[in-house]
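Engineer: One file is attached below, data.txt, containing compact mmCIF, C-alpha atoms.
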# COMPACT_ATOMS: atom_id res chain seq x y z
CA MET A 7 -17.27 -21.14 -1.91
CA LYS A 8 -20.98 -21.53 -2.43
CA PHE A 9 -23.69 -21.42 0.21
CA SER A 10 -25.52 -24.70 0.71
CA ALA A 11 -28.43 -25.40 3.03
CA ASN A 12 -26.89 -28.76 3.90
CA ASN A 13 -23.32 -27.68 4.65
CA VAL A 14 -23.14 -25.04 7.37
CA ALA A 15 -21.46 -24.73 10.75
CA PHE A 16 -21.87 -22.37 13.69
CA GLY A 17 -20.26 -21.83 17.07
CA ARG A 18 -17.20 -24.03 16.54
CA HIS A 19 -14.87 -21.34 17.88
CA GLU A 20 -15.77 -21.93 21.55
CA THR A 21 -16.52 -18.15 21.69
CA PHE A 22 -12.82 -17.31 21.16
CA HIS A 23 -11.85 -15.06 18.26
CA LEU A 24 -8.57 -15.68 16.47
CA ARG A 25 -5.50 -14.35 18.30
CA PHE A 26 -2.23 -13.14 16.79
CA SER A 27 -0.04 -16.17 17.56
CA TRP A 28 -2.56 -18.96 17.19
CA LEU A 29 -2.15 -19.87 13.53
CA SER A 30 1.65 -19.85 13.65
CA LYS A 31 1.86 -21.65 16.98
CA GLY A 32 -0.82 -24.21 16.17
CA PHE A 33 0.52 -24.99 12.70
CA SER A 34 4.09 -25.37 13.97
CA ALA A 35 3.03 -27.64 16.83
CA LEU A 36 0.94 -29.77 14.49
CA GLN A 37 3.87 -30.16 12.10
CA LYS A 38 5.93 -31.61 14.94
CA ASP A 39 3.14 -33.86 16.20
CA GLN A 40 0.36 -34.83 13.80
CA THR A 41 -1.64 -36.33 16.68
CA LEU A 42 -1.49 -33.14 18.75
CA PHE A 43 -5.23 -32.46 18.84
CA GLU A 44 -6.14 -36.08 19.55
CA ASN A 45 -5.02 -35.67 23.15
CA SER A 46 -6.39 -32.49 24.71
CA ASP A 47 -4.18 -32.76 27.80
CA LYS A 48 -1.05 -32.97 25.68
CA ALA A 49 -2.24 -30.12 23.47
CA THR A 50 -2.87 -27.82 26.45
CA VAL A 51 0.72 -28.31 27.59
CA THR A 52 2.21 -27.90 24.12
CA LEU A 53 0.20 -24.81 23.23
CA GLY A 54 0.11 -23.31 26.72
CA VAL A 55 -3.64 -22.65 26.73
CA GLY A 56 -6.78 -24.20 28.22
CA LYS A 57 -8.77 -27.01 26.62
CA ASN A 58 -11.41 -24.71 25.16
CA MET A 59 -8.72 -22.58 23.54
CA VAL A 60 -7.10 -25.72 22.15
CA SER A 61 -10.39 -26.51 20.42
CA ALA A 62 -10.58 -22.91 19.20
CA ILE A 63 -7.07 -23.01 17.74
CA ARG A 64 -7.88 -26.24 15.92
CA TYR A 65 -11.07 -24.69 14.60
CA TRP A 66 -9.36 -21.54 13.28
CA LEU A 67 -6.66 -23.62 11.56
CA ARG A 68 -9.42 -25.57 9.84
CA ALA A 69 -11.65 -22.58 9.10
CA THR A 70 -8.77 -20.70 7.46
CA GLN A 71 -8.10 -23.81 5.36
CA LEU A 72 -4.54 -24.22 6.64
CA ILE A 73 -5.17 -27.82 7.74
CA ASP A 74 -7.52 -30.48 6.42
CA VAL A 75 -10.83 -30.56 8.25
CA LYS A 76 -10.83 -34.36 8.48
CA THR A 77 -7.18 -35.33 8.93
CA ASP A 78 -5.59 -32.16 10.38
CA GLU A 79 -2.82 -32.56 7.81
CA PRO A 80 -1.40 -29.31 6.38
CA THR A 81 -3.05 -28.14 3.17
CA GLU A 82 -0.98 -26.94 0.23
CA ILE A 83 -1.62 -23.30 1.10
CA GLY A 84 -0.98 -23.99 4.78
CA SER A 85 2.44 -25.47 4.07
CA TYR A 86 3.29 -22.75 1.56
CA ILE A 87 2.70 -20.01 4.11
CA PHE A 88 3.41 -21.56 7.51
CA ASP A 89 5.92 -24.38 7.03
CA SER A 90 8.58 -23.88 9.69
CA ILE A 91 11.41 -24.39 7.21
CA ASP A 92 10.15 -23.37 3.77
CA GLY A 93 7.10 -21.22 4.58
CA VAL A 94 7.06 -17.76 3.03
CA ASP A 95 5.49 -16.03 6.05
CA PRO A 96 5.27 -18.38 9.07
CA PHE A 97 4.88 -15.52 11.56
CA LEU A 98 2.20 -13.52 9.74
CA GLU A 99 4.43 -10.52 9.15
CA ASP A 100 3.25 -9.67 5.64
CA GLN A 101 0.07 -7.66 5.14
CA GLY A 102 -0.70 -9.65 2.03
CA THR A 103 -0.81 -12.83 4.12
CA LEU A 104 -3.49 -11.30 6.34
CA TRP A 105 -5.60 -10.57 3.26
CA LEU A 106 -5.03 -14.12 2.10
CA ILE A 107 -6.08 -15.58 5.47
CA HIS A 108 -9.17 -13.37 5.41
CA TRP A 109 -10.14 -14.66 1.96
CA LEU A 110 -9.67 -18.30 3.02
CA LEU A 111 -11.81 -17.74 6.10
CA ALA A 112 -14.56 -15.61 4.56
CA THR A 113 -15.08 -18.05 1.68
CA ASN A 114 -15.31 -21.17 3.83
CA THR A 115 -19.09 -21.32 3.69
CA GLU A 116 -19.16 -24.80 5.21
CA LEU A 117 -17.08 -24.20 8.33
CA SER A 118 -17.26 -20.45 8.96
CA THR A 119 -20.76 -19.87 7.68
CA THR A 120 -21.54 -16.73 9.67
CA ILE A 121 -18.35 -14.98 8.57
CA ALA A 122 -18.93 -15.98 4.95
CA TRP A 123 -22.52 -14.74 5.19
CA PHE A 124 -21.44 -11.39 6.59
CA PHE A 125 -18.92 -10.61 3.88
CA ASN A 126 -20.87 -12.04 0.95
CA LYS A 127 -24.50 -11.44 1.88
CA TYR A 128 -24.65 -8.55 4.35
CA HIS A 129 -23.86 -5.19 2.77
CA LYS A 130 -25.27 -2.70 5.23
CA THR A 131 -22.41 -0.37 6.12
CA SER A 132 -23.57 0.71 9.59
CA PHE A 133 -25.03 -1.71 12.11
CA ASP A 134 -25.03 -3.01 15.65
CA GLN A 135 -24.90 -6.57 16.95
CA SER A 136 -28.66 -6.88 17.34
CA GLU A 137 -29.16 -5.88 13.69
CA LEU A 138 -26.59 -8.45 12.62
CA ARG A 139 -28.28 -11.19 14.63
CA ALA A 140 -31.68 -10.35 13.16
CA ALA A 141 -30.37 -10.29 9.59
CA LEU A 142 -28.48 -13.55 10.06
CA SER A 143 -31.53 -15.19 11.59
CA ASN A 144 -33.66 -14.09 8.63
CA PHE A 145 -31.11 -15.46 6.19
CA LEU A 146 -31.05 -18.82 7.95
CA GLN A 147 -34.85 -18.97 8.01
CA ASP A 148 -34.93 -18.44 4.25
CA GLU A 149 -31.88 -20.37 3.10
CA VAL A 150 -30.93 -23.07 5.64
CA LYS A 151 -33.05 -26.08 6.48
CA SER A 152 -34.44 -26.13 10.01
CA THR A 153 -32.32 -29.06 11.21
CA GLN A 154 -29.16 -27.08 10.42
CA ARG A 155 -30.14 -23.84 12.15
CA PRO A 156 -28.31 -23.06 15.40
CA ALA A 157 -29.78 -21.89 18.67
CA GLY A 158 -30.19 -18.17 19.29
CA SER A 159 -27.35 -18.18 21.83
CA THR A 160 -25.01 -19.67 19.23
CA LEU A 161 -25.91 -16.96 16.73
CA LYS A 162 -25.27 -14.33 19.38
CA ASN A 163 -21.80 -15.78 20.01
CA ASP A 164 -21.04 -15.95 16.29
CA VAL A 165 -21.94 -12.29 15.80
CA SER A 166 -19.87 -11.30 18.82
CA VAL A 167 -16.88 -13.21 17.46
CA ILE A 168 -17.15 -11.49 14.05
CA THR A 169 -16.93 -8.05 15.61
CA ARG A 170 -14.00 -9.07 17.83
CA LEU A 171 -12.33 -10.71 14.86
CA TYR A 172 -12.44 -7.69 12.55
CA ALA A 173 -12.90 -4.54 14.65
CA LYS A 174 -10.07 -3.11 16.72
CA THR A 175 -10.88 -2.93 20.42
CA GLN A 176 -11.46 0.61 21.63
CA GLY A 177 -10.29 1.83 25.02
CA ILE A 178 -7.32 0.78 27.14
CA SER A 179 -8.42 -2.62 28.39
CA VAL A 180 -5.69 -5.25 28.17
CA ALA A 181 -7.80 -8.16 29.37
CA GLU A 182 -7.25 -11.42 27.49
CA ASP A 183 -10.73 -11.23 26.02
CA ALA A 184 -9.98 -7.82 24.54
CA LEU A 185 -6.83 -8.83 22.63
CA ASP A 186 -7.23 -7.91 18.99
CA SER A 187 -7.25 -10.41 16.16
CA PRO A 188 -4.65 -10.11 13.37
CA LEU A 189 -7.54 -9.59 10.95
CA SER A 190 -8.46 -6.37 12.74
CA GLU A 191 -5.36 -4.90 11.03
CA LEU A 192 -7.18 -5.01 7.70
CA GLY A 193 -9.61 -2.23 8.58
CA LEU A 194 -12.64 -4.11 7.29
CA MET A 195 -14.70 -3.13 10.32
CA SER A 196 -14.46 -0.40 12.93
CA GLU A 197 -16.29 0.39 16.14
CA HIS A 198 -18.61 3.36 16.02
CA GLY A 199 -19.84 3.90 19.53
CA LYS A 200 -20.89 1.21 21.97
CA SER A 201 -21.76 -2.05 20.15
CA SER A 202 -22.10 -0.20 16.85
CA TYR A 203 -19.89 -0.83 13.83
CA ILE A 204 -19.05 0.38 10.34
CA SER A 205 -17.94 -1.78 7.41
CA THR A 206 -17.62 0.13 4.15
CA PHE A 207 -16.55 -0.61 0.58
CA GLU A 208 -13.28 1.23 0.00
CA SER A 209 -10.08 1.29 -2.06
CA ARG A 210 -8.08 -1.12 0.16
CA ASP A 211 -4.74 0.26 -0.99
CA ASP A 212 -2.78 -2.37 0.95
CA LEU A 213 -4.53 -5.30 -0.78
CA PRO A 214 -2.02 -6.68 -3.33
CA CYS A 215 -3.47 -7.34 -6.77
CA GLN A 216 -1.86 -10.80 -6.68
CA ILE A 217 -3.96 -11.72 -3.63
CA LEU A 218 -7.03 -10.56 -5.51
CA GLY A 219 -5.83 -12.70 -8.41
CA PHE A 220 -5.44 -15.69 -6.09
CA ALA A 221 -9.04 -15.23 -5.02
CA ILE A 222 -10.25 -14.97 -8.62
CA LEU A 223 -8.36 -18.11 -9.64
CA GLN A 224 -9.87 -20.06 -6.75
CA LEU A 225 -13.35 -18.93 -7.73
CA LEU A 226 -12.80 -19.81 -11.39
CA GLU A 227 -11.58 -23.27 -10.42
CA PHE A 228 -14.53 -23.83 -8.10
CA ARG A 229 -16.97 -22.73 -10.79
CA GLU A 230 -15.12 -24.84 -13.36
CA THR A 231 -14.88 -22.03 -15.88
CA LYS A 232 -12.29 -19.85 -17.56
CA ILE A 233 -14.68 -16.98 -18.18
CA VAL A 234 -16.51 -14.94 -15.56
CA PRO A 235 -18.58 -11.75 -15.71
CA ILE A 236 -16.92 -8.89 -13.86
CA GLU A 237 -20.19 -8.28 -12.04
CA ASP A 238 -19.96 -11.77 -10.50
CA LEU A 239 -16.49 -10.92 -9.19
CA ILE A 240 -17.68 -7.66 -7.65
CA ASN A 241 -20.96 -8.90 -6.17
CA SER A 242 -22.07 -12.32 -4.98
CA ALA A 243 -24.15 -14.16 -7.58
CA GLU A 244 -26.03 -17.47 -7.44
CA ASP A 245 -24.84 -18.05 -3.85
CA TYR A 246 -21.17 -18.02 -4.88
CA VAL A 247 -18.74 -15.90 -2.91
CA SER A 248 -17.19 -12.87 -4.62
CA PRO A 249 -13.77 -11.21 -4.20
CA GLY A 250 -15.27 -7.72 -4.35
CA SER A 251 -17.61 -8.45 -1.46
CA VAL A 252 -15.10 -10.38 0.64
CA PHE A 253 -12.45 -7.67 0.35
CA ARG A 254 -15.03 -4.88 0.74
CA LEU A 255 -13.78 -3.17 -2.41
CA SER A 256 -15.58 -0.31 -4.09
CA GLU A 257 -16.37 -1.05 -7.75
CA SER A 258 -13.89 1.52 -9.06
CA SER A 259 -11.11 0.22 -6.79
CA PHE A 260 -11.86 -3.35 -7.77
CA MET A 261 -11.45 -2.45 -11.44
CA VAL A 262 -8.17 -0.62 -10.77
CA LYS A 263 -6.71 -3.70 -9.06
CA LEU A 264 -8.12 -6.06 -11.68
CA GLU A 265 -6.63 -4.00 -14.51
CA GLU A 266 -3.28 -4.00 -12.68
CA LEU A 267 -3.48 -7.79 -12.38
CA VAL A 268 -4.17 -8.10 -16.12
CA ARG A 269 -1.29 -5.73 -17.00
CA GLN A 270 1.13 -7.76 -14.93
CA ASN A 271 -0.06 -11.08 -16.37
CA PRO A 272 -1.09 -10.43 -20.00
CA SER A 273 -0.50 -14.01 -21.11
CA HIS A 274 -2.93 -15.31 -18.49
CA PHE A 275 -5.71 -12.74 -18.06
CA GLU A 276 -7.68 -10.61 -20.48
CA LEU A 277 -10.59 -8.21 -20.03
CA ARG A 278 -13.21 -8.10 -22.77
CA GLU A 279 -16.47 -6.24 -23.23
CA THR A 280 -19.14 -7.52 -25.61
CA ALA A 281 -22.59 -5.98 -25.93
CA GLY A 282 -22.08 -4.15 -22.66
CA LEU A 283 -21.06 -7.30 -20.74
CA ARG A 284 -17.63 -7.06 -19.14
CA GLN A 285 -15.88 -10.39 -18.65
CA LEU A 286 -12.54 -11.70 -17.42
CA PHE A 287 -10.91 -14.51 -19.42
CA LEU A 288 -8.27 -16.93 -18.17
CA LEU A 289 -6.21 -17.44 -21.32
CA GLU A 290 -3.55 -19.86 -20.13
CA PRO A 291 -3.54 -22.21 -17.12
CA LEU A 292 -2.30 -20.57 -13.94
CA THR A 293 -2.52 -21.96 -10.42
CA ASP A 294 -3.30 -19.87 -7.39
CA ILE A 295 -0.01 -20.89 -5.77
CA GLU A 296 1.94 -19.71 -8.83
CA LEU A 297 0.37 -16.30 -8.46
CA LEU A 298 1.25 -16.23 -4.77
CA LYS A 299 4.85 -17.00 -5.67
CA ALA A 300 4.84 -13.92 -7.87
CA TYR A 301 3.74 -11.86 -4.91
CA TYR A 302 6.08 -13.26 -2.29
CA SER A 303 9.05 -13.19 -4.64
CA GLN A 304 8.31 -9.47 -5.18
CA ASP A 305 8.61 -10.08 -8.91
CA THR A 306 5.34 -8.42 -9.88
CA THR A 307 6.18 -7.95 -13.53
CA ASN A 308 6.22 -11.53 -14.73
CA VAL A 309 4.44 -14.39 -13.03
CA GLU A 310 6.38 -16.96 -15.08
CA ALA A 311 9.63 -15.80 -13.48
CA ALA A 312 8.32 -16.70 -10.04
CA ALA A 313 6.66 -20.01 -10.96
Could you quickly redo this structure as structure tokens?

Structural biologist:
Amino acid sequence: MKFSANNVAFGRHETFHLRFSWLSKGFSALQKDQTLFENSDKATVTLGVGKNMVSAIRYWLRATQLIDVKTDEPTEIGSYIFDSIDGVDPFLEDQGTLWLIHWLLATNTELSTTIAWFFNKYHKTSFDQSELRAALSNFLQDEVKSTQRPAGSTLKNDVSVITRLYAKTQGISVAEDALDSPLSELGLMSEHGKSSYISTFESRDDLPCQILGFAILQLLEFRETKIVPIEDLINSAEDYVSPGSVFRLSESSFMVKLEELVRQNPSHFELRETAGLRQLFLLEPLTDIELLKAYYSQDTTNVEAAA
């Protein structure tokens, strides 16, 4: 959740963007066989894809923080969402889950560095792939030590994957390479002519305030604080990620959702303004999973009832 010159990764996706069934299929298969990815031949048969796609599926499960990067064991959030028996949304049918997956991916600065950079550091609303590559290259020159910088071809592939991950494919092509990612449903990026794209800060009406709250709680825990300036939540500060940037929320829309979150959870959150500084306070302990339970239970009036 914070950019570090020593902890970055590029090109691990084997040039394949995330596909609709991959997280559900991969997580389910891994639950049945914890050693699945240790044998590529077995994994290709189980998952029904080629070896490179097997590696890509493993990468996306790790990058979205659904499985542990070292052991491949399910994480707490992975099991909560995708467990085949008790998972709340194992087939990615809920829009809120897509927002949650996006947050987990776009804040993984260590494993999905390019995606995290785009949503937290790159705020130009209209661009093409060459502009993205140039901006990313400049960022790496300034912020990442030379031994950690990838080759130009790897950067090109990373930028291509971002656009295929978040922008809906235009035209009528049904080729495998043109299949849209589930994250393209979020509307965070759109094509605007050939190889040109738009990514604007908007209201994001379909982003649940509880998912925003989940993001805020994760950031507070990472920063080891119970108080955070609202500005730090809206815009990236001190190399930390920010919910406002990741969700591409306009400032006014961010405040509307934040105020809704506070209204629904008055015993946990409070907004205060002192000497012109707006801050969010976490009054009582609340875990991110507890807030998710409030969302998936559809009891949005009292988080304690869903805990």

Engineer: Pick out the residues sitting within 9 Å of Asn13 of chain A, and hand them over as a PDB file with C-alpha atoms, keeping the file's coordinate frame; count all atoms listed in the file, and ignore anything fewer than 3 positions along from it in its own chain.

Structural biologist:
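Listing of around33.pdb after writing:
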ATOM      1  CA  PHE A   9     -23.690 -21.420   0.210  1.00  0.00           C
ATOM      2  CA  SER A  10     -25.520 -24.700   0.710  1.00  0.00           C
ATOM      3  CA  THR A 115     -19.090 -21.320   3.690  1.00  0.00           C
ATOM      4  CA  GLU A 116     -19.160 -24.800   5.210  1.00  0.00           C
ATOM      5  CA  LEU A 117     -17.080 -24.200   8.330  1.00  0.00           C
ATOM      6  CA  THR A 119     -20.760 -19.870   7.680  1.00  0.00           C
ATOM      7  CA  VAL A 150     -30.930 -23.070   5.640  1.00  0.00           C
ATOM      8  CA  GLN A 154     -29.160 -27.080  10.420  1.00  0.00           C
TER       9      GLN A 154
END

Engineer: Find the residues near segment 68-77 of chain A: any atom within 10 Å, counting all atoms listed in the file, skip ones fewer than 3 places away on the same chain, and give them as JSON, numbers by chain.

Structural biologist: {"A": [18, 19, 29, 33, 36, 40, 41, 62, 63, 64, 65, 80, 81, 82, 83, 84, 85, 86, 87, 88, 106, 107, 108, 109, 110, 111, 112, 113, 114, 115, 116, 117, 118, 119]}

Engineer: Work out how far apart atom CA of Glu257 of chain A and atom CA of Tyr203 of chain A are and give it in Å to one decimal.

Structural biologist: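 Those two atoms sit 21.9 Å apart.
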
Engineer: Please list as a short mmCIF file (atom, residue, chain, number, x, y, z; two decimals) with C-alpha atoms, in the coordinates of the input every residue within 10 Å of Tyr302 of chain A, counting all atoms listed in the file and excluding residues in the same chain fewer than 6 positions away.

Structural biologist:
data_model
loop_
_atom_site.label_atom_id
_atom_site.label_comp_id
_atom_site.auth_asym_id
_atom_site.auth_seq_id
_atom_site.Cartn_x
_atom_site.Cartn_y
_atom_site.Cartn_z
CA ILE A 87 2.70 -20.01 4.11
CA VAL A 94 7.06 -17.76 3.03
CA ASP A 95 5.49 -16.03 6.05
CA ASP A 100 3.25 -9.67 5.64
CA GLY A 102 -0.70 -9.65 2.03
CA THR A 103 -0.81 -12.83 4.12
CA GLN A 216 -1.86 -10.80 -6.68
CA ALA A 312 8.32 -16.70 -10.04
#

Engineer: Please work out which residues fall within 10 Å of (-10.9, -23.1, -6.3), coordinates as given in the file, with all atoms listed in the file counting, and return them as a list in words.

Structural biologist: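 Residues lying no farther than 10 Å from the given point: Met7, Phe220, Ala221, Ile222, Leu223, Gln224, Leu225, Leu226, Glu227, Phe228, Arg229, Glu230, Thr293 and Asp294 of chain A.
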
Engineer: If we count only C-alpha atoms and set the cut-off at 7 Å, which residues sit around segment 20-26 of chain A, ignoring sequence neighbours fewer than 3 positions away in its own chain? Please answer as a PDB file with C-alpha atoms, in the frame of the given file.

Structural biologist:
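Final output, saved to part-v5.pdb:
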ATOM      1  CA  GLY A  17     -20.260 -21.830  17.070  1.00  0.00           C
ATOM      2  CA  ASN A  58     -11.410 -24.710  25.160  1.00  0.00           C
ATOM      3  CA  ALA A  62     -10.580 -22.910  19.200  1.00  0.00           C
ATOM      4  CA  TRP A  66      -9.360 -21.540  13.280  1.00  0.00           C
ATOM      5  CA  ASN A 163     -21.800 -15.780  20.010  1.00  0.00           C
ATOM      6  CA  VAL A 167     -16.880 -13.210  17.460  1.00  0.00           C
ATOM      7  CA  ARG A 170     -14.000  -9.070  17.830  1.00  0.00           C
ATOM      8  CA  LEU A 171     -12.330 -10.710  14.860  1.00  0.00           C
ATOM      9  CA  ASP A 186      -7.230  -7.910  18.990  1.00  0.00           C
ATOM     10  CA  SER A 187      -7.250 -10.410  16.160  1.00  0.00           C
ATOM     11  CA  PRO A 188      -4.650 -10.110  13.370  1.00  0.00           C
TER      12      PRO A 188
END

Engineer: Would you mind listing what lies within 10 Å of Leu267 of chain A as a list of chain:residue names, with all atoms listed in the file counted and same-chain residues fewer than 3 positions away left out?

Structural biologist: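 After dropping sequence-adjacent residues, the list is A:Pro214, A:Cys215, A:Gln216, A:Ile217, A:Leu218, A:Gly219, A:Met261, A:Val262, A:Lys263, A:Leu264, A:Gln270, A:Asn271, A:Pro272, A:His274, A:Phe275, A:Glu276, A:Thr306, A:Thr307.
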
Engineer: Could you state the separation of atom CA of Ser34 of chain A and atom CA of Ser90 of chain A in Å, given to one decimal place?

Structural biologist: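 For atom CA of Ser34 of chain A relative to atom CA of Ser90 of chain A, the distance reads 6.4 Å.
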
Engineer: As AutoDock Vina command-line options, please: the centre and edge lengths in Å, to one decimal, of an axis-aligned box enclosing every listed atom of segment 192-202 of chain A with 8 Å added on each side.

Structural biologist:
--center_x -14.6 --center_y -0.6 --center_z 14.6 --size_x 30.9 --size_y 24.9 --size_z 30.7

Engineer: Would you mind reading off the distance between atom CA of Glu244 of chain A and atom CA of Leu286 of chain A, one decimal, in Å?

Structural biologist: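 According to the coordinates, atom CA of Glu244 of chain A and atom CA of Leu286 of chain A are separated by 17.7 Å.
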
Engineer: With all atoms listed in the file as the basis for distance, which of A:Lys232, A:Lys174, A:Lys200, A:Lys8 is at the shortest distance from Asp245 of chain A?

Structural biologist: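 The closest residue to Asp245 of chain A is A:Lys8.
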
Engineer: Starting from the point (-22.0, -3.6, 2.1), work out which residues of protein, DNA or RNA have an atom no more than 10 Å away when counting all atoms listed in the file; state them as a PDB file with C-alpha atoms, in the coordinates of the input.

Structural biologist:
ATOM      1  CA  PHE A 124     -21.440 -11.390   6.590  1.00  0.00           C
ATOM      2  CA  PHE A 125     -18.920 -10.610   3.880  1.00  0.00           C
ATOM      3  CA  ASN A 126     -20.870 -12.040   0.950  1.00  0.00           C
ATOM      4  CA  LYS A 127     -24.500 -11.440   1.880  1.00  0.00           C
ATOM      5  CA  TYR A 128     -24.650  -8.550   4.350  1.00  0.00           C
ATOM      6  CA  HIS A 129     -23.860  -5.190   2.770  1.00  0.00           C
ATOM      7  CA  LYS A 130     -25.270  -2.700   5.230  1.00  0.00           C
ATOM      8  CA  THR A 131     -22.410  -0.370   6.120  1.00  0.00           C
ATOM      9  CA  SER A 132     -23.570   0.710   9.590  1.00  0.00           C
ATOM     10  CA  ILE A 204     -19.050   0.380  10.340  1.00  0.00           C
ATOM     11  CA  SER A 205     -17.940  -1.780   7.410  1.00  0.00           C
ATOM     12  CA  THR A 206     -17.620   0.130   4.150  1.00  0.00           C
ATOM     13  CA  PHE A 207     -16.550  -0.610   0.580  1.00  0.00           C
ATOM     14  CA  ASN A 241     -20.960  -8.900  -6.170  1.00  0.00           C
ATOM     15  CA  SER A 251     -17.610  -8.450  -1.460  1.00  0.00           C
ATOM     16  CA  VAL A 252     -15.100 -10.380   0.640  1.00  0.00           C
ATOM     17  CA  ARG A 254     -15.030  -4.880   0.740  1.00  0.00           C
ATOM     18  CA  LEU A 255     -13.780  -3.170  -2.410  1.00  0.00           C
ATOM     19  CA  SER A 256     -15.580  -0.310  -4.090  1.00  0.00           C
TER      20      SER A 256
END

Engineer: Between A:Glu290, A:Glu137, A:Glu279, A:Glu79, which has the minimum distance to Gly32 of chain A (counting only C-alpha atoms)?

Structural biologist: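 For Gly32 of chain A, the nearest of the candidates is A:Glu79.
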
Engineer: Would you save segment 201-207 of chain A to a file, keeping all heavy atoms, as a short mmCIF file (atom, residue, chain, number, x, y, z; two decimals), in the first residue's frame?

Structural biologist:
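Written file, selection_11.cif:
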data_model
loop_
_atom_site.label_atom_id
_atom_site.label_comp_id
_atom_site.auth_asym_id
_atom_site.auth_seq_id
_atom_site.Cartn_x
_atom_site.Cartn_y
_atom_site.Cartn_z
N SER A 201 -6.30 3.21 -29.85
CA SER A 201 -5.20 3.27 -28.87
C SER A 201 -5.23 4.50 -27.99
O SER A 201 -4.23 4.86 -27.38
CB SER A 201 -3.84 3.17 -29.58
OG SER A 201 -3.71 1.95 -30.27
N SER A 202 -6.38 5.17 -27.92
CA SER A 202 -6.52 6.33 -27.04
C SER A 202 -7.59 6.01 -25.99
O SER A 202 -8.55 5.29 -26.26
CB SER A 202 -6.92 7.58 -27.82
OG SER A 202 -5.89 7.96 -28.70
N TYR A 203 -7.42 6.57 -24.79
CA TYR A 203 -8.27 6.19 -23.68
C TYR A 203 -8.62 7.40 -22.82
O TYR A 203 -7.93 8.41 -22.82
CB TYR A 203 -7.57 5.13 -22.82
CG TYR A 203 -7.17 3.91 -23.60
CD1 TYR A 203 -5.94 3.87 -24.25
CD2 TYR A 203 -8.03 2.82 -23.74
CE1 TYR A 203 -5.57 2.76 -25.00
CE2 TYR A 203 -7.67 1.72 -24.48
CZ TYR A 203 -6.44 1.69 -25.12
OH TYR A 203 -6.08 0.60 -25.87
N ILE A 204 -9.71 7.24 -22.05
CA ILE A 204 -10.14 8.25 -21.10
C ILE A 204 -10.35 7.58 -19.75
O ILE A 204 -10.94 6.51 -19.66
CB ILE A 204 -11.44 8.93 -21.56
CG1 ILE A 204 -11.20 9.75 -22.83
CG2 ILE A 204 -12.00 9.83 -20.46
CD1 ILE A 204 -12.47 10.37 -23.39
N SER A 205 -9.86 8.22 -18.69
CA SER A 205 -10.09 7.74 -17.33
C SER A 205 -10.33 8.97 -16.46
O SER A 205 -9.40 9.70 -16.15
CB SER A 205 -8.89 6.95 -16.82
OG SER A 205 -9.12 6.47 -15.50
N THR A 206 -11.58 9.20 -16.10
CA THR A 206 -11.96 10.43 -15.42
C THR A 206 -12.39 10.17 -13.98
O THR A 206 -12.76 9.05 -13.60
CB THR A 206 -13.10 11.13 -16.17
OG1 THR A 206 -14.20 10.21 -16.31
CG2 THR A 206 -12.64 11.57 -17.55
N PHE A 207 -12.37 11.22 -13.18
CA PHE A 207 -12.82 11.16 -11.79
C PHE A 207 -14.31 11.51 -11.76
O PHE A 207 -14.69 12.63 -12.12
CB PHE A 207 -11.99 12.12 -10.93
CG PHE A 207 -10.59 11.64 -10.70
CD1 PHE A 207 -9.65 11.67 -11.72
CD2 PHE A 207 -10.21 11.16 -9.46
CE1 PHE A 207 -8.36 11.23 -11.52
CE2 PHE A 207 -8.91 10.70 -9.24
CZ PHE A 207 -7.98 10.74 -10.28
#
